[in-house]
Every structure is written in C-alpha cells, then in structure tokens.
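**Student:** Data: start_5.txt, compact mmCIF, C-alpha atoms.
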# COMPACT_ATOMS: atom_id res chain seq x y z
CA MET A 1 93.20 103.96 182.68
CA PRO A 2 93.74 103.64 178.93
CA GLN A 3 90.77 102.60 176.84
CA VAL A 4 91.19 99.10 175.39
CA PRO A 5 90.45 99.39 171.66
CA PRO A 6 88.10 96.95 169.92
CA ALA A 7 89.54 94.45 167.47
CA GLY A 8 90.51 96.08 164.19
CA TRP A 9 93.07 98.25 162.41
CA HIS A 10 94.53 101.15 164.41
CA ALA A 11 97.55 103.45 164.26
CA ASP A 12 100.72 101.38 164.76
CA PRO A 13 102.00 102.13 168.31
CA PHE A 14 105.47 100.86 167.28
CA ARG A 15 105.57 103.52 164.53
CA ARG A 16 106.95 101.10 161.97
CA ALA A 17 103.83 101.24 159.79
CA GLU A 18 100.70 103.35 159.43
CA HIS A 19 98.33 100.69 160.84
CA ARG A 20 98.63 97.54 162.94
CA PHE A 21 95.90 94.96 163.65
CA TRP A 22 94.72 94.69 167.26
CA ASP A 23 92.95 91.35 167.93
CA GLY A 24 91.15 92.67 171.00
CA VAL A 25 93.84 91.40 173.38
CA ARG A 26 97.22 92.20 171.86
CA TRP A 27 98.91 93.83 168.87
CA THR A 28 99.48 91.30 166.07
CA GLU A 29 102.16 91.04 163.38
CA HIS A 30 99.73 92.27 160.67
CA VAL A 31 100.64 95.81 159.54
CA ALA A 32 99.76 98.01 156.56
CA SER A 33 100.82 101.28 154.94
CA ASN A 34 99.48 102.99 151.83
CA GLY A 35 97.17 100.07 151.09
CA ARG A 36 99.92 97.43 151.27
CA GLN A 37 99.95 94.76 153.96
CA TRP A 38 102.84 92.70 155.33
CA VAL A 39 104.03 90.99 158.50
CA ASP A 40 106.10 92.81 161.13
CA PRO A 41 106.26 90.90 164.45
CA PRO A 42 105.98 93.19 167.49
CA VAL A 43 109.26 93.04 169.41
CA ALA A 44 108.50 95.33 172.33
CA VAL A 45 105.63 96.21 174.61
CA ALA A 46 103.52 98.99 173.12
CA PRO A 47 100.88 101.06 174.93
CA LEU A 48 97.21 100.37 174.36
CA ALA A 49 95.75 102.68 171.74
CA VAL A 50 93.07 105.15 172.73
CA VAL A 51 90.58 104.86 169.88
CA PRO A 52 87.70 107.35 169.86
CA ASN A 53 86.22 106.13 166.56
CA THR A 54 85.06 102.82 165.16
CA PRO A 55 87.93 100.72 163.75
CA ARG A 56 88.21 100.19 160.00
CA ALA A 57 87.60 96.44 160.10
CA ALA A 58 87.41 93.52 162.52
CA GLN A 59 89.65 91.32 160.34
CA PRO A 60 92.85 91.96 158.34
CA TYR A 61 92.33 93.62 154.97
CA PRO A 62 90.88 91.22 152.36
CA ARG A 63 93.20 90.66 149.42
CA GLU A 64 93.17 89.06 145.98
CA GLY A 65 96.70 87.82 145.42
CA ASN A 66 98.99 90.81 145.96
CA ARG A 67 96.23 93.40 145.30
CA GLN A 68 94.50 95.29 148.06
CA VAL A 69 90.74 95.13 147.48
CA SER A 70 89.23 97.08 150.39
CA GLY A 71 89.94 98.94 153.60
CA SER A 72 93.09 100.66 152.32
CA PRO A 73 94.37 103.44 154.60
CA PRO A 74 94.61 106.91 152.98
CA VAL A 75 97.93 108.09 151.57
CA SER A 76 99.26 111.07 153.54
CA ARG A 77 100.56 114.17 151.75
CA ALA A 78 104.09 113.48 152.98
CA ALA A 79 103.96 109.89 151.71
CA ALA A 80 102.57 111.07 148.37
CA ARG A 81 105.50 113.48 147.98
CA ILE A 82 108.02 110.71 148.64
CA GLN A 83 106.34 108.40 146.12
CA LYS A 84 106.39 111.19 143.52
CA GLN A 85 110.08 111.80 144.25
CA VAL A 86 110.86 108.13 143.59
CA GLN A 87 108.75 108.12 140.41
CA LYS A 88 110.68 111.10 139.02
CA ILE A 89 113.79 108.98 138.51
CA GLU A 90 111.76 106.03 137.19
CA VAL A 91 112.80 103.51 139.84
CA ALA A 92 111.57 100.08 138.82
CA SER A 93 108.61 98.67 140.76
CA ILE A 94 109.66 95.93 143.20
CA ALA A 95 107.21 93.17 144.07
CA GLY A 96 106.44 92.10 147.62
CA GLY A 97 105.79 93.90 150.84
CA ALA A 98 108.06 96.67 152.03
CA ASP A 99 110.93 95.77 154.35
CA LEU A 100 111.34 98.62 156.84
CA ALA A 101 114.94 97.82 157.80
CA ILE A 102 117.20 100.57 156.45
CA LEU A 103 119.88 98.04 155.56
CA SER A 104 117.63 95.97 153.32
CA GLU A 105 115.38 98.56 151.63
CA PRO A 106 115.87 98.59 147.82
CA VAL A 107 115.11 102.33 147.66
CA LEU A 108 115.78 105.01 150.26
CA VAL A 109 114.73 108.65 150.08
CA ILE A 110 116.89 111.07 152.07
CA ASN A 111 115.34 114.52 152.55
CA GLN A 112 117.06 117.33 154.36
CA LYS A 113 114.96 119.70 156.41
CA GLY A 114 114.75 123.07 154.69
CA LYS A 115 115.96 125.97 156.84
CA LEU A 116 116.97 129.55 156.07
CA VAL A 117 120.06 129.24 158.29
CA GLU A 118 121.75 125.83 158.30
CA LEU A 119 123.12 125.22 161.81
CA ARG A 120 122.30 121.55 162.31
CA ALA A 121 122.27 118.57 159.97
CA GLU A 122 118.73 117.22 160.00
CA TYR A 123 117.62 114.60 157.49
CA ALA A 124 114.69 112.21 157.35
CA ILE A 125 115.08 108.83 155.62
CA TYR A 126 112.02 107.18 154.06
CA ASP A 127 111.24 103.96 152.25
CA ARG A 128 109.86 104.09 148.71
CA ASN A 129 106.28 104.28 150.01
CA GLY A 130 106.90 107.40 152.09
CA LEU A 131 107.17 105.75 155.50
CA GLN A 132 109.97 107.26 157.58
CA VAL A 133 112.40 104.58 158.74
CA ALA A 134 115.33 106.61 160.12
CA ALA A 135 116.67 110.08 160.84
CA VAL A 136 120.04 111.84 160.81
CA ARG A 137 121.17 114.20 163.52
CA GLY A 138 124.29 116.27 164.03
CA LYS A 139 125.87 119.66 163.39
CA ARG A 140 126.58 120.51 159.75
CA LEU A 141 130.15 121.63 160.38
CA SER A 142 130.88 119.19 163.19
CA SER A 143 132.95 116.03 162.91
CA ARG A 144 130.02 113.67 163.42
CA MET A 145 126.56 112.78 162.10
CA GLN A 146 124.53 109.93 163.55
CA VAL A 147 121.81 107.88 161.82
CA VAL A 148 119.12 106.60 164.21
CA ASP A 149 115.94 104.56 163.86
CA MET A 150 112.51 105.93 164.68
CA GLU A 151 112.96 105.07 168.35
CA GLY A 152 116.25 106.97 168.55
CA ARG A 153 118.50 103.90 168.57
CA PRO A 154 121.78 104.40 166.67
CA LEU A 155 122.18 102.55 163.37
CA PHE A 156 125.54 103.96 162.27
CA ASP A 157 127.47 107.20 162.39
CA LEU A 158 129.90 109.24 160.31
CA ARG A 159 133.00 110.85 161.79
CA ARG A 160 135.27 113.16 159.85
CA GLU A 161 139.05 112.78 159.98
CA SER A 162 140.75 115.96 158.82
CA ASN A 163 144.35 116.53 157.83
CA LEU A 164 146.29 118.93 155.62
CA LEU A 165 145.72 117.01 152.39
CA THR A 166 142.25 115.50 152.53
CA SER A 167 139.20 114.88 154.67
CA LYS A 168 138.21 111.25 155.25
CA VAL A 169 134.93 110.09 156.76
CA VAL A 170 134.96 107.01 158.99
CA VAL A 171 131.69 105.06 159.15
CA ALA A 172 131.01 103.04 162.32
CA ASP A 173 128.23 100.55 163.05
CA GLU A 174 125.65 100.74 165.86
CA TYR A 175 128.22 99.39 168.35
CA GLY A 176 130.86 101.95 167.42
CA GLY A 177 133.02 99.49 165.50
CA LYS A 178 134.62 100.76 162.31
CA THR A 179 132.83 99.55 159.18
CA GLY A 180 134.88 101.45 156.64
CA ARG A 181 135.65 104.92 155.40
CA ILE A 182 134.92 107.29 152.53
CA VAL A 183 138.03 108.91 151.08
CA PRO A 184 138.07 111.76 148.52
CA SER A 185 139.74 110.56 145.33
CA MET A 186 142.83 112.53 144.31
CA ASN A 187 143.66 110.61 141.13
CA PRO A 188 143.82 113.04 138.14
CA ASN A 189 143.41 110.13 135.72
CA LYS A 190 139.97 109.27 137.15
CA LYS A 191 138.18 112.61 137.12
CA ASP A 192 134.73 111.09 137.53
CA ARG A 193 135.75 109.12 140.65
CA ARG A 194 134.81 111.40 143.53
CA PHE A 195 135.33 109.07 146.49
CA LYS A 196 136.98 105.76 147.27
CA LEU A 197 135.20 103.32 149.59
CA GLU A 198 137.37 101.29 151.93
CA ASP A 199 136.60 98.54 154.45
CA ALA A 200 137.61 98.48 158.12
CA GLY A 201 141.17 97.56 157.14
CA ASN A 202 141.39 100.49 154.67
CA LYS A 203 141.22 98.09 151.72
CA LEU A 204 139.49 99.39 148.59
CA ILE A 205 136.03 97.82 148.12
CA GLY A 206 134.34 100.34 145.82
CA ALA A 207 134.08 103.91 144.59
CA VAL A 208 131.57 106.71 144.06
CA HIS A 209 131.58 108.08 140.51
CA SER A 210 129.95 111.27 139.24
CA ASP A 211 127.72 110.92 136.18
CA ASP A 212 127.45 114.63 135.45
CA ARG A 213 130.70 116.02 136.93
CA GLY A 214 130.00 119.74 137.30
CA ARG A 215 126.37 119.52 138.46
CA HIS A 216 126.99 116.93 141.19
CA ARG A 217 123.44 115.58 141.01
CA ASP A 218 123.87 112.04 139.69
CA PHE A 219 126.29 109.47 141.09
CA HIS A 220 126.74 105.72 140.99
CA VAL A 221 128.61 103.37 143.31
CA GLN A 222 130.77 100.60 141.86
CA ASP A 223 132.40 97.61 143.48
CA THR A 224 136.01 96.74 142.67
CA GLY A 225 134.84 94.66 139.70
CA GLY A 226 133.19 97.68 138.08
CA SER A 227 129.59 96.56 138.73
CA VAL A 228 127.10 99.27 139.75
CA VAL A 229 125.72 98.45 143.20
CA ALA A 230 123.91 101.72 143.97
CA ARG A 231 122.77 104.98 142.39
CA ILE A 232 122.53 108.32 144.19
CA THR A 233 120.28 110.95 142.58
CA LYS A 234 119.68 114.48 143.82
CA THR A 235 116.05 115.28 143.04
CA ARG A 236 114.39 118.67 142.85
CA ALA A 237 112.58 119.98 145.92
CA SER A 238 109.85 122.60 145.89
CA LEU A 239 110.69 125.96 144.31
CA ALA A 240 110.69 127.77 147.66
CA LYS A 241 112.92 125.13 149.22
CA GLU A 242 115.36 125.24 146.28
CA LEU A 243 115.60 129.06 146.26
CA PHE A 244 115.65 129.97 149.92
CA THR A 245 117.03 127.02 151.89
CA LYS A 246 119.85 124.48 151.92
CA GLY A 247 117.40 121.56 152.10
CA ASP A 248 118.28 118.93 149.50
CA ASN A 249 116.57 115.67 148.51
CA TYR A 250 118.22 112.41 147.41
CA VAL A 251 117.12 108.98 146.24
CA VAL A 252 119.47 106.02 146.86
CA GLU A 253 118.58 103.01 144.73
CA PHE A 254 120.08 99.52 145.02
CA PRO A 255 119.43 97.68 141.74
CA GLY A 256 120.59 94.38 143.21
CA HIS A 257 121.13 92.68 146.55
CA VAL A 258 123.95 94.50 148.37
CA THR A 259 124.96 93.73 151.95
CA GLY A 260 127.84 94.38 154.31
CA PRO A 261 130.13 97.41 154.42
CA LEU A 262 129.56 98.35 150.78
CA ARG A 263 125.83 98.90 151.35
CA LEU A 264 126.38 100.91 154.53
CA LEU A 265 129.02 103.05 152.84
CA SER A 266 126.70 103.64 149.87
CA ILE A 267 124.02 105.08 152.15
CA ALA A 268 126.59 107.17 154.00
CA ALA A 269 127.96 108.39 150.66
CA ALA A 270 124.70 110.24 149.94
CA LEU A 271 125.22 112.31 153.11
CA VAL A 272 128.86 112.91 152.22
CA VAL A 273 127.88 114.01 148.69
CA ASP A 274 125.46 116.54 150.18
CA THR A 275 127.93 118.01 152.64
CA ALA A 276 130.77 118.03 150.09
CA PHE A 277 128.98 119.61 147.12
CA HIS A 278 125.75 121.25 148.24
CA GLN A 279 126.24 122.63 151.76
CA ARG A 280 129.09 125.03 151.29
Would you give me this structure, written as structure tokens?
**Tutor:**
Amino acid sequence: MPQVPPAGWHADPFRRAEHRFWDGVRWTEHVASNGRQWVDPPVAVAPLAVVPNTPRAAQPYPREGNRQVSGSPPVSRAAARIQKQVQKIEVASIAGGADLAILSEPVLVINQKGKLVELRAEYAIYDRNGLQVAAVRGKRLSSRMQVVDMEGRPLFDLRRESNLLTSKVVVADEYGGKTGRIVPSMNPNKKDRRFKLEDAGNKLIGAVHSDDRGRHRDFHVQDTGGSVVARITKTRASLAKELFTKGDNYVVEFPGHVTGPLRLLSIAAALVVDTAFHQR
C-alpha cells in the first residue's frame, strides 16, 4: 500500500511543475517551480506520493506580492542551464506565473540531444524557467517528426512532402488535421526570406527571414503585414557538444500575443531551420 504523505509541498505527480501542494487528502491546484508559484488545476488522477522525508511546509509558500519570501524549491542544474540560455539573448522579463501550455508560452527553449551519431531526432522543449513541457521524437531523415507533451500525448507533427523542385513540410494538429505548411522560398528578389508560411488552404500567412544569411543562427518570423511575431535564435551549447555532436540549441521568443496557425508554424519553423541548415 502506498504511504499517504502528510500535508505539504511534494514532487508534482503530474510532472507539470517541480512541486504540488498536498492538503493531506488530495492534490491541490497550488504548484511551484524555481521559487515561483501559480495555479494548475489537476485534471487527472495521480498516484499518492511516497514521501520518506518531512515536507517543506504545511501551507502554500508565503508571498509578498509577486515575490517569493520563503520555502523556495532549489533550482536544478538543468533548469539553471535553460535560464542562462534565455538570458544570453536578453529576452525581456515577463511578469506573472508561467503558463506551461506550449501554445501559450512567451519563450520556448528547444534543445537537441547531443549524440556522436545522429540517427534519431530527439529534442526537449522547455519553458523559460527550465521546466520541460514537451518533447520531439522521430527519425532525422524520415518524413515525420512528432511533438508530444510530457505524458506522450501528441501536440502536433511535421510531415515532409518531397518533389523534384522543393521540399515542403506539412504541419498537422493533435487530431491529424492540416494546420498549414512551411515552404522553402525560391524568390531570388527576397534572399533573406528562407521559408514561406501557409495556412491549411495554402494561403500565405507569414514568412521566416534570416537575419545573418550565411550563419543561419538568427531568424525572425513576420506576418503578411510585415510585423515580427517571433524570433528564432540558435544559441551556443557546451564546447564538447558543439565540437563532437549534432546537438543544437534554440530559443523561440514571441514578443507579442500570437495564436492560431502562425504560432504553431513558428514553433515548427525552429525544427525545420535545424534540419535544413544544421543537420546535413
């Protein structure tokens, strides 16, 4: 029989945060990561935690306004690396608690697993605090990559359409319905436009532009009105990872509120940029 934990903060059994508050009977909506607390209602039945040690506190973390004043959980090494990666490109600080949904996060960090021989596409997707919110699975040279949440449920996938002239990537939602596609730009008059973004009806809704052309490290996504809706930045990994593996790191930043197909295609574009320019 599982041991019923005493009331207090324990590891989140839903794996959507570092800690969740157990009131002695059930898991509550109070969660925390890296010293920040927010509300995340439990939506499924989680197992009872087996807690060998005394819990951190019997009540949710005390706060003064938006500042954590005591009981903050420690920052893991992995989370610290993600936070440093975000800080390198000077992403503006965003007030409020973190939203763990991949389609509403203002900053996403996409890190590819470093391997000497690249046979499978394996990426981890984190929020700006270093909490993993999704993963990517698939074969590097195959026609499909799938993005899943931390419970393995599909969020969207990328499928490559190849022909003699170009290679287009179709992006489908969690139900398999076409959301849009990413099409390599062939216009010689727009040398910085690397990809066109189209909706489900193949209508142009945006484009991915290179900011440094030859290096292929900095990109921005524009809508049809020319407004920047997202930025894609390839950041430096560790020296060993850079020299001996194909593992690359990216930060996708949304400076404003972007929803619908354009947001989904912007996230997918980071994976397409990696496979197009850095995995050959």
**Student:** What is the distance, in Å and to one decimal place, between atom CA of Thr28 of chain A and atom CA of Asp127 of chain A?
**Tutor:**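 According to the coordinates, atom CA of Thr28 of chain A and atom CA of Asp127 of chain A are separated by 22.1 Å.
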**Student:** Atom CA of Arg128 of chain A and atom CA of Arg181 of chain A, how far apart in Å?
**Tutor:**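 Going from atom CA of Arg181 of chain A over to atom CA of Arg128 of chain A, I get 26.7 Å.
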**Student:** Under the rule that all atoms listed in the file are counted, which of A:Val133, A:Met186, A:Leu155, A:Val273 is the nearest residue to Arg215 of chain A?
**Tutor:**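 The answer is A:Val273, which sits nearest to Arg215 of chain A.
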**Student:** With a distance cut-off of 10 Å and only C-alpha atoms, select the neighbouring residues of Asn202 of chain A, excluding the residue or stretch itself and same-chain residues fewer than 6 positions from it, and output the selection as a PyMOL selection string.
**Tutor:** chain A and resi 179-183
**Student:** Give me the residues near Gly176 of chain A as an MDAnalysis selection string, where near means some atom within 9 Å (using all atoms listed in the file) and where sequence neighbours in that chain fewer than 4 positions away do not count.
**Tutor:** chainID A and resid 156:157 171:172
**Student:** Would you kindly return, as JSON, numbers by chain, each protein, DNA or RNA residue with an atom no farther than 7 Å from any atom of Arg194 of chain A, considering all atoms listed in the file and excluding same-chain residues fewer than 2 positions away?
**Tutor:** {"A": [184, 185, 192, 208, 209, 210]}
**Student:** Neighbours of Leu158 of chain A within 12 Å (all atoms listed in the file; same-chain residues fewer than 4 positions away dropped), as a ChimeraX atom specification?
**Tutor:** /A:136-140,142-148,154,168-174,176-182,264-265,267-272,275
**Student:** Kindly export the residues of the current selection with C-alpha atoms, as a PDB file, keeping the file's coordinate frame.
**Tutor:**
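This went into again27.pdb:
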ATOM      1  CA  VAL A 136     120.040 111.840 160.810  1.00  0.00           C
ATOM      2  CA  ARG A 137     121.170 114.200 163.520  1.00  0.00           C
ATOM      3  CA  GLY A 138     124.290 116.270 164.030  1.00  0.00           C
ATOM      4  CA  LYS A 139     125.870 119.660 163.390  1.00  0.00           C
ATOM      5  CA  ARG A 140     126.580 120.510 159.750  1.00  0.00           C
ATOM      6  CA  SER A 142     130.880 119.190 163.190  1.00  0.00           C
ATOM      7  CA  SER A 143     132.950 116.030 162.910  1.00  0.00           C
ATOM      8  CA  ARG A 144     130.020 113.670 163.420  1.00  0.00           C
ATOM      9  CA  MET A 145     126.560 112.780 162.100  1.00  0.00           C
ATOM     10  CA  GLN A 146     124.530 109.930 163.550  1.00  0.00           C
ATOM     11  CA  VAL A 147     121.810 107.880 161.820  1.00  0.00           C
ATOM     12  CA  VAL A 148     119.120 106.600 164.210  1.00  0.00           C
ATOM     13  CA  PRO A 154     121.780 104.400 166.670  1.00  0.00           C
ATOM     14  CA  LYS A 168     138.210 111.250 155.250  1.00  0.00           C
ATOM     15  CA  VAL A 169     134.930 110.090 156.760  1.00  0.00           C
ATOM     16  CA  VAL A 170     134.960 107.010 158.990  1.00  0.00           C
ATOM     17  CA  VAL A 171     131.690 105.060 159.150  1.00  0.00           C
ATOM     18  CA  ALA A 172     131.010 103.040 162.320  1.00  0.00           C
ATOM     19  CA  ASP A 173     128.230 100.550 163.050  1.00  0.00           C
ATOM     20  CA  GLU A 174     125.650 100.740 165.860  1.00  0.00           C
ATOM     21  CA  GLY A 176     130.860 101.950 167.420  1.00  0.00           C
ATOM     22  CA  GLY A 177     133.020  99.490 165.500  1.00  0.00           C
ATOM     23  CA  LYS A 178     134.620 100.760 162.310  1.00  0.00           C
ATOM     24  CA  THR A 179     132.830  99.550 159.180  1.00  0.00           C
ATOM     25  CA  GLY A 180     134.880 101.450 156.640  1.00  0.00           C
ATOM     26  CA  ARG A 181     135.650 104.920 155.400  1.00  0.00           C
ATOM     27  CA  ILE A 182     134.920 107.290 152.530  1.00  0.00           C
ATOM     28  CA  LEU A 264     126.380 100.910 154.530  1.00  0.00           C
ATOM     29  CA  LEU A 265     129.020 103.050 152.840  1.00  0.00           C
ATOM     30  CA  ILE A 267     124.020 105.080 152.150  1.00  0.00           C
ATOM     31  CA  ALA A 268     126.590 107.170 154.000  1.00  0.00           C
ATOM     32  CA  ALA A 269     127.960 108.390 150.660  1.00  0.00           C
ATOM     33  CA  ALA A 270     124.700 110.240 149.940  1.00  0.00           C
ATOM     34  CA  LEU A 271     125.220 112.310 153.110  1.00  0.00           C
ATOM     35  CA  VAL A 272     128.860 112.910 152.220  1.00  0.00           C
ATOM     36  CA  THR A 275     127.930 118.010 152.640  1.00  0.00           C
TER      37      THR A 275
END
**Student:** Can you tell me how far atom CA of Glu18 of chain A sits from atom CA of Ala135 of chain A, in Å to one decimal?
**Tutor:**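 For atom CA of Glu18 of chain A relative to atom CA of Ala135 of chain A, the distance reads 17.4 Å.
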**Student:** Skipping near chain neighbours, those fewer than 5 positions away, what residues fall within 6 Å of Arg231 of chain A using only C-alpha atoms, listed as an MDAnalysis selection string?
**Tutor:** chainID A and resid 219:220 252:253
**Student:** Could you check which of A:Asn34, A:Thr233, A:Asn187, A:Asn249 is closest to Ile125 of chain A, using all atoms listed in the file?
**Tutor:**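 Using all atoms listed in the file, Ile125 of chain A sits closest to A:Asn249.
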**Student:** Would you mind telling me which residue in A:Ile102, A:Ala134, A:Ala207, A:Met150 lies nearest to Phe14 of chain A when using only C-alpha atoms?
**Tutor:**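 Selected residue with least distance to Phe14 of chain A: A:Met150.
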**Student:** Would you mind telling me which residue in A:Arg217, A:Arg159, A:Gly260, A:Val107 lies nearest to Ala230 of chain A when using all atoms listed in the file?
**Tutor:**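 Of the candidates, the smallest distance to Ala230 of chain A is held by A:Val107.
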**Student:** For a quick check of understanding, using all atoms listed in the file, which of A:Ala32, A:Arg16, A:Val109, A:Trp9 has the smallest distance to Asp149 of chain A?
**Tutor:**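 For Asp149 of chain A, the nearest of the given residues is A:Arg16.
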**Student:** My list of candidates is A:Ser266, A:Ser33, A:Thr259, A:Gln132. Which is closest to Asn111 of chain A when distances are computed with only C-alpha atoms?
**Tutor:**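 The closest residue to Asn111 of chain A is A:Gln132.
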**Student:** Where atoms are missing, can you supply N, CA and C atoms for segment 194-205 of chain A and output the lot as a JSON list (two decimals), keeping the file's coordinate frame?
**Tutor:**
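Okay, part-v7.json is ready:
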[["chain", "number", "residue", "atom", "x", "y", "z"],
["A", 194, "ARG", "N", 134.80, 110.38, 142.49],
["A", 194, "ARG", "CA", 134.81, 111.40, 143.53],
["A", 194, "ARG", "C", 135.30, 110.87, 144.87],
["A", 195, "PHE", "N", 134.94, 109.63, 145.20],
["A", 195, "PHE", "CA", 135.33, 109.07, 146.49],
["A", 195, "PHE", "C", 135.72, 107.61, 146.33],
["A", 196, "LYS", "N", 136.65, 107.18, 147.15],
["A", 196, "LYS", "CA", 136.98, 105.76, 147.27],
["A", 196, "LYS", "C", 136.28, 105.22, 148.52],
["A", 197, "LEU", "N", 135.83, 103.98, 148.45],
["A", 197, "LEU", "CA", 135.20, 103.32, 149.59],
["A", 197, "LEU", "C", 136.11, 102.21, 150.08],
["A", 198, "GLU", "N", 136.44, 102.26, 151.36],
["A", 198, "GLU", "CA", 137.37, 101.29, 151.93],
["A", 198, "GLU", "C", 136.69, 100.54, 153.08],
["A", 199, "ASP", "N", 137.15, 99.31, 153.34],
["A", 199, "ASP", "CA", 136.60, 98.54, 154.45],
["A", 199, "ASP", "C", 137.30, 98.91, 155.75],
["A", 200, "ALA", "N", 137.04, 98.15, 156.81],
["A", 200, "ALA", "CA", 137.61, 98.48, 158.12],
["A", 200, "ALA", "C", 139.12, 98.43, 158.14],
["A", 201, "GLY", "N", 139.71, 97.65, 157.23],
["A", 201, "GLY", "CA", 141.17, 97.56, 157.14],
["A", 201, "GLY", "C", 141.76, 98.50, 156.12],
["A", 202, "ASN", "N", 140.98, 99.49, 155.67],
["A", 202, "ASN", "CA", 141.39, 100.49, 154.67],
["A", 202, "ASN", "C", 141.70, 99.86, 153.31],
["A", 203, "LYS", "N", 141.06, 98.74, 153.02],
["A", 203, "LYS", "CA", 141.22, 98.09, 151.72],
["A", 203, "LYS", "C", 140.11, 98.57, 150.79],
["A", 204, "LEU", "N", 140.45, 98.88, 149.55],
["A", 204, "LEU", "CA", 139.49, 99.39, 148.59],
["A", 204, "LEU", "C", 138.42, 98.35, 148.28],
["A", 205, "ILE", "N", 137.13, 98.74, 148.44],
["A", 205, "ILE", "CA", 136.03, 97.82, 148.12],
["A", 205, "ILE", "C", 135.05, 98.43, 147.12]]
